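Reviewing the structure listed below.
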Amino acid sequence: MAQLSIQELTVHVANKLSNKILLVHCRSKDDDLGALVVEIGAEMSWRFEVNAMGSTLFWCNLAVEDKRLSFEAYGGEGEPYYGYFNVYDDGVYGKNFVTNKKLMGRWRRIWVP
């Protein structure tokens, strides 16, 4: 019987905002990492195993002041793997060994009464 190989990956989300604290909430279908505060210049990270079917998905919701942003942190087998996400004032950028800086999403303002 063939043994399934399980791939373990790490994702990093770094706060590169200018003088703003970042709220990060990442999850998959099976795992909710909870909301975490990432201080200025700091990062958060997590490790996970890709399921045998290759269908593991992780996405993150970011919040800072009156702005929100959502992006796919891991899209499953066949999708490019970006292990590093840097959050700037204009959006979040993915980085891997091939692509140095790919825009993954832009901030949108929310209406606050």
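Residues in the structure tokens are named by chain (A, B, ... in the order shown) and by number from 1 within that chain; ligands are numbered from 1 in the order shown.
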Worksheet item: Which polymer residues have any atom within 12 Å of an atom of Asp31 of chain A, counting only C-alpha atoms, with same-chain residues fewer than 6 positions away left out, as a PyMOL selection string?
Response: chain A and resi 25+46-49+56-60
Worksheet item: Could you pull the residues within 8 Å of segment 74-88 of chain A, counting only C-alpha atoms, minus those fewer than 4 positions along the same chain, as a count of residues only?
Response: 22
Worksheet item: With only C-alpha atoms as the basis for distance, which of A:Gly105, A:Asn61, A:Val98, A:Ser70 is at the shortest distance from Leu33 of chain A?
Response: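 Of A:Gly105, A:Asn61, A:Val98, A:Ser70, the one nearest Leu33 of chain A is A:Asn61, counting only C-alpha atoms.
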Discussion item. Considering only C-alpha atoms, can you say which of A:Lys20, A:Lys101, A:Arg68, A:Arg106 comes closest to Val38 of chain A?
Written reply: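 Checking each candidate against Val38 of chain A, we get A:Lys20 as the closest.
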Worksheet item: Taking only C-alpha atoms into account, which of A:Asn100, A:Val37, A:Arg27, A:Asp32 comes nearest Val64 of chain A?
Response: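 For Val64 of chain A, the nearest of the candidates is A:Val37.
Proximity of A:Leu62, A:Asn19, A:Ala73, A:Ala42 to Trp107 of chain A, computed with only C-alpha atoms, is greatest for A:Leu62.
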Practice prompt. Select, from A:Lys102, A:Ile110, A:Leu23, A:Phe71, the residue with the minimum atom-to-atom distance to Glu39 of chain A, counting only C-alpha atoms.
Written response: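 For Glu39 of chain A, the nearest of the given residues is A:Leu23.
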